[in-house]
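**Student:** This is the structure I have questions about; it appears just below.
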Amino acid sequence: SSRRPLYARTGIFWLALIINFFIQSQAQSGEFLIILGVGFSIIPLNFLAYASLFFSGAAYPSRLLIPLSVGSVIVTLMLKDLPISFTLKALPFSIATAVPLLYTVYIYLFKKRERTTKLMYVNAVVLSLVAIHCFNFAFFRMEPEAQLWGWPIAYGLYQILAMLIPAMTLEF
């Protein structure tokens with residue numbers, strides 16, 4: 001029974017990720033629809049941080065991350081019709097998706113370092129790469145060749161997580 005919360009967190013992450021990829025694959029026309037499609041990434045990446053923090057024994061900072069996520073939706077809706085670049089319109093979602101991952105990396109590498117295993121260090125590297133990729137969306141998504149490298153990078157990172165999260169679960 002002590003493992004059930006971990007299994008539930010991990011399962012919710014994978015379910016949200018599958019739904020996320022479906023939504024993003026359907027939201028490919030129009031700048032605002034593309035931004036909203038990627039905005040759904042907030043959900044699985046928060047669950048990824050939630051599950052990953054469990055391994056370190058750290059609490060998920062819901063008082064910070066949930067308002068950040070909600071705020072990013074509000075700001076994105078406010079920016080939608082302004083004559084500004086795609087990057088500025090997409091940046092709130094990039095920040096809201098990257099911050100939970102970067103917080104987890106901070107916990108692993110600094111705050112709970114004594115509990116961090118080798119697999120958790122690898123997870124910290126992968127989470128850092130996913131966080132960087134969150135910003136790639138805002139900066140490069142509207143470049144014509146971005147989808148040629150953006151989707152494979154995201155898919156590759158999630159494949160690494162597909163092996164890493166179960167390995168960390170077994171180790172835990």
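Quick note on naming: the chains in the structure tokens go A, B, ... in the order shown, residues restart at 1 in each chain, and ligands are numbered from 1 in order of appearance.
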Residues at most 8 Å from Ala154 in chain A, counting only C-alpha atoms, excluding those fewer than 3 positions away in the same chain, as a list in words?
**Tutor:**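 In the requested format, the answer is Val130, His133, Gly150, Trp151, Leu157 and Tyr158 of chain A.
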**Student:** Mind writing the picked residues with all heavy atoms as a compact mmCIF listing (two decimals), in the first residue's frame?
**Tutor:**
```txt
# COMPACT_ATOMS: atom_id res chain seq x y z
N VAL A 130 14.20 18.38 -20.87
CA VAL A 130 12.78 18.60 -21.18
C VAL A 130 12.43 20.07 -20.91
O VAL A 130 11.70 20.69 -21.70
CB VAL A 130 11.86 17.65 -20.37
CG1 VAL A 130 10.39 18.01 -20.57
CG2 VAL A 130 12.11 16.20 -20.76
N HIS A 133 13.63 22.08 -23.68
CA HIS A 133 12.76 21.84 -24.83
C HIS A 133 11.43 22.60 -24.70
O HIS A 133 10.84 22.99 -25.71
CB HIS A 133 12.52 20.34 -25.02
CG HIS A 133 11.94 20.00 -26.34
ND1 HIS A 133 12.56 20.27 -27.53
CD2 HIS A 133 10.75 19.42 -26.66
CE1 HIS A 133 11.80 19.87 -28.53
NE2 HIS A 133 10.70 19.35 -28.02
N GLY A 150 11.68 19.08 -33.56
CA GLY A 150 10.99 19.26 -32.28
C GLY A 150 10.27 18.02 -31.80
O GLY A 150 10.42 17.61 -30.65
N TRP A 151 9.48 17.41 -32.67
CA TRP A 151 8.75 16.20 -32.28
C TRP A 151 9.69 15.05 -31.96
O TRP A 151 9.50 14.38 -30.93
CB TRP A 151 7.75 15.80 -33.38
CG TRP A 151 6.51 16.63 -33.38
CD1 TRP A 151 6.24 17.69 -34.20
CD2 TRP A 151 5.37 16.50 -32.53
NE1 TRP A 151 5.01 18.22 -33.91
CE2 TRP A 151 4.45 17.50 -32.89
CE3 TRP A 151 5.03 15.64 -31.50
CZ2 TRP A 151 3.22 17.66 -32.25
CZ3 TRP A 151 3.81 15.79 -30.86
CH2 TRP A 151 2.92 16.79 -31.24
N LEU A 157 12.99 12.19 -25.57
CA LEU A 157 13.07 12.48 -24.13
C LEU A 157 12.02 11.69 -23.37
O LEU A 157 12.29 11.14 -22.29
CB LEU A 157 12.91 13.98 -23.88
CG LEU A 157 14.09 14.85 -24.32
CD1 LEU A 157 13.72 16.33 -24.26
CD2 LEU A 157 15.32 14.57 -23.49
N TYR A 158 10.82 11.59 -23.93
CA TYR A 158 9.78 10.83 -23.25
C TYR A 158 10.06 9.33 -23.29
O TYR A 158 9.67 8.60 -22.37
CB TYR A 158 8.39 11.16 -23.80
CG TYR A 158 7.94 12.54 -23.37
CD1 TYR A 158 7.69 13.54 -24.29
CD2 TYR A 158 7.78 12.85 -22.02
CE1 TYR A 158 7.28 14.81 -23.89
CE2 TYR A 158 7.39 14.10 -21.61
CZ TYR A 158 7.14 15.07 -22.55
OH TYR A 158 6.76 16.32 -22.14
```
**Student:** Mind pulling up the distance from CA of Leu170 in chain A to CA of Ile132 in chain A?
**Tutor:** 27.5 Å
**Student:** Write out as a tab-separated table the residues of range 39-110 of chain A that have any atom within 12 Å of an atom of range 5-20 of chain A, one row each with the nearest atom pair and its distance in Å to one decimal, counting only C-alpha atoms, sorted by chain and then rising number.
**Tutor:**
```
residue	atom	partner	partner_atom	distance
A:Gly39	CA	A:Asn20	CA	9.1
A:Phe40	CA	A:Asn20	CA	6.0
A:Ser41	CA	A:Asn20	CA	6.0
A:Ile42	CA	A:Asn20	CA	9.2
A:Ile43	CA	A:Ala16	CA	6.7
A:Pro44	CA	A:Ala16	CA	5.0
A:Leu45	CA	A:Phe13	CA	7.5
A:Asn46	CA	A:Phe13	CA	8.2
A:Phe47	CA	A:Phe13	CA	5.0
A:Leu48	CA	A:Phe13	CA	5.7
A:Ala49	CA	A:Phe13	CA	9.2
A:Tyr50	CA	A:Arg9	CA	7.0
A:Ala51	CA	A:Arg9	CA	5.3
A:Ser52	CA	A:Thr10	CA	8.6
A:Leu53	CA	A:Leu6	CA	10.1
A:Phe54	CA	A:Leu6	CA	7.0
A:Phe55	CA	A:Leu6	CA	8.5
A:Ser56	CA	A:Leu6	CA	11.8
A:Gly57	CA	A:Leu6	CA	11.3
A:Tyr60	CA	A:Arg9	CA	11.6
```
**Student:** For range 70-77 of chain A, find every residue with an atom within 9 Å (counting only C-alpha atoms), except residues of its own chain fewer than 3 positions away, and show them as a compact mmCIF listing (two decimals) with C-alpha atoms, in the first residue's frame.
**Tutor:**
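What follows is the written file result.txt:
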```txt
# COMPACT_ATOMS: atom_id res chain seq x y z
CA ILE A 35 -0.16 27.56 -28.33
CA LEU A 36 -3.21 26.13 -26.55
CA GLY A 39 -0.36 24.54 -23.10
CA LEU A 65 2.88 25.61 -9.17
CA ILE A 66 -0.92 25.48 -9.45
CA PRO A 67 -1.29 29.30 -9.41
CA LYS A 80 -3.85 36.23 -27.68
CA ASP A 81 -4.95 39.22 -29.80
CA LYS A 89 2.49 34.68 -26.65
CA ALA A 90 3.87 31.18 -26.02
CA LEU A 91 6.32 32.10 -23.27
CA PRO A 92 3.82 31.90 -20.37
CA PHE A 93 3.16 28.22 -21.18
CA SER A 94 6.88 27.56 -21.64
CA ILE A 95 7.57 28.97 -18.19
CA ALA A 96 4.66 27.10 -16.58
```
**Student:** Of the candidates A:Met142, A:Leu109, A:Val125, A:Leu119, which shows the shortest atom-to-atom distance to Glu171 in chain A, using only C-alpha atoms?
**Tutor:**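 Closest to Glu171 in chain A of all the choices is A:Leu119.
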**Student:** DSSP says helix (DSSP H, G or I) for which residues of range 36-104 of chain A? Put them as JSON, numbers by chain?
**Tutor:** {"A": [36, 37, 38, 39, 42, 43, 44, 45, 46, 47, 48, 49, 50, 51, 52, 53, 54, 55, 56, 62, 63, 64, 65, 66, 67, 68, 69, 70, 71, 72, 73, 74, 75, 76, 77, 78, 79, 86, 87, 88, 89, 90, 91, 92, 93, 94, 95, 96, 97, 98, 99, 100, 101, 102, 103, 104]}
**Student:** Could you jot down the CA of Ser25 in chain A to CA of Leu129 in chain A separation for me, Å, one decimal place?
**Tutor:**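 Going from CA of Ser25 in chain A over to CA of Leu129 in chain A, I get 21.4 Å.
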**Student:** Of the candidates A:Gln159, A:Leu82, A:Val122, A:Ala98, which one gets nearest to Phe32 in chain A if we count only C-alpha atoms?
**Tutor:**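 Among A:Gln159, A:Leu82, A:Val122, A:Ala98, it is A:Leu82 that comes nearest to Phe32 in chain A.
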**Student:** Identify, on the basis of only C-alpha atoms, every residue whose closest approach to Thr117 in chain A does not exceed 12 Å; exclude the query and any residue fewer than 3 positions from it along the same chain; express the result as a list of chain:residue names.
**Tutor:**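 Using only C-alpha atoms, the neighbours found are A:Phe55, A:Ser56, A:Tyr108, A:Leu109, A:Lys112, A:Arg113, A:Glu114, A:Met120, A:Tyr121, A:Val122, A:Asn123, A:Ala124, A:Ala167, A:Met168, A:Thr169, A:Glu171, A:Phe172.
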**Student:** Check the smallest atom-to-atom distance from each of A:Lys118, A:Glu143, A:Pro152, A:Lys111 to Leu164 in chain A using only C-alpha atoms, then report the winner.
**Tutor:** A:Lys118
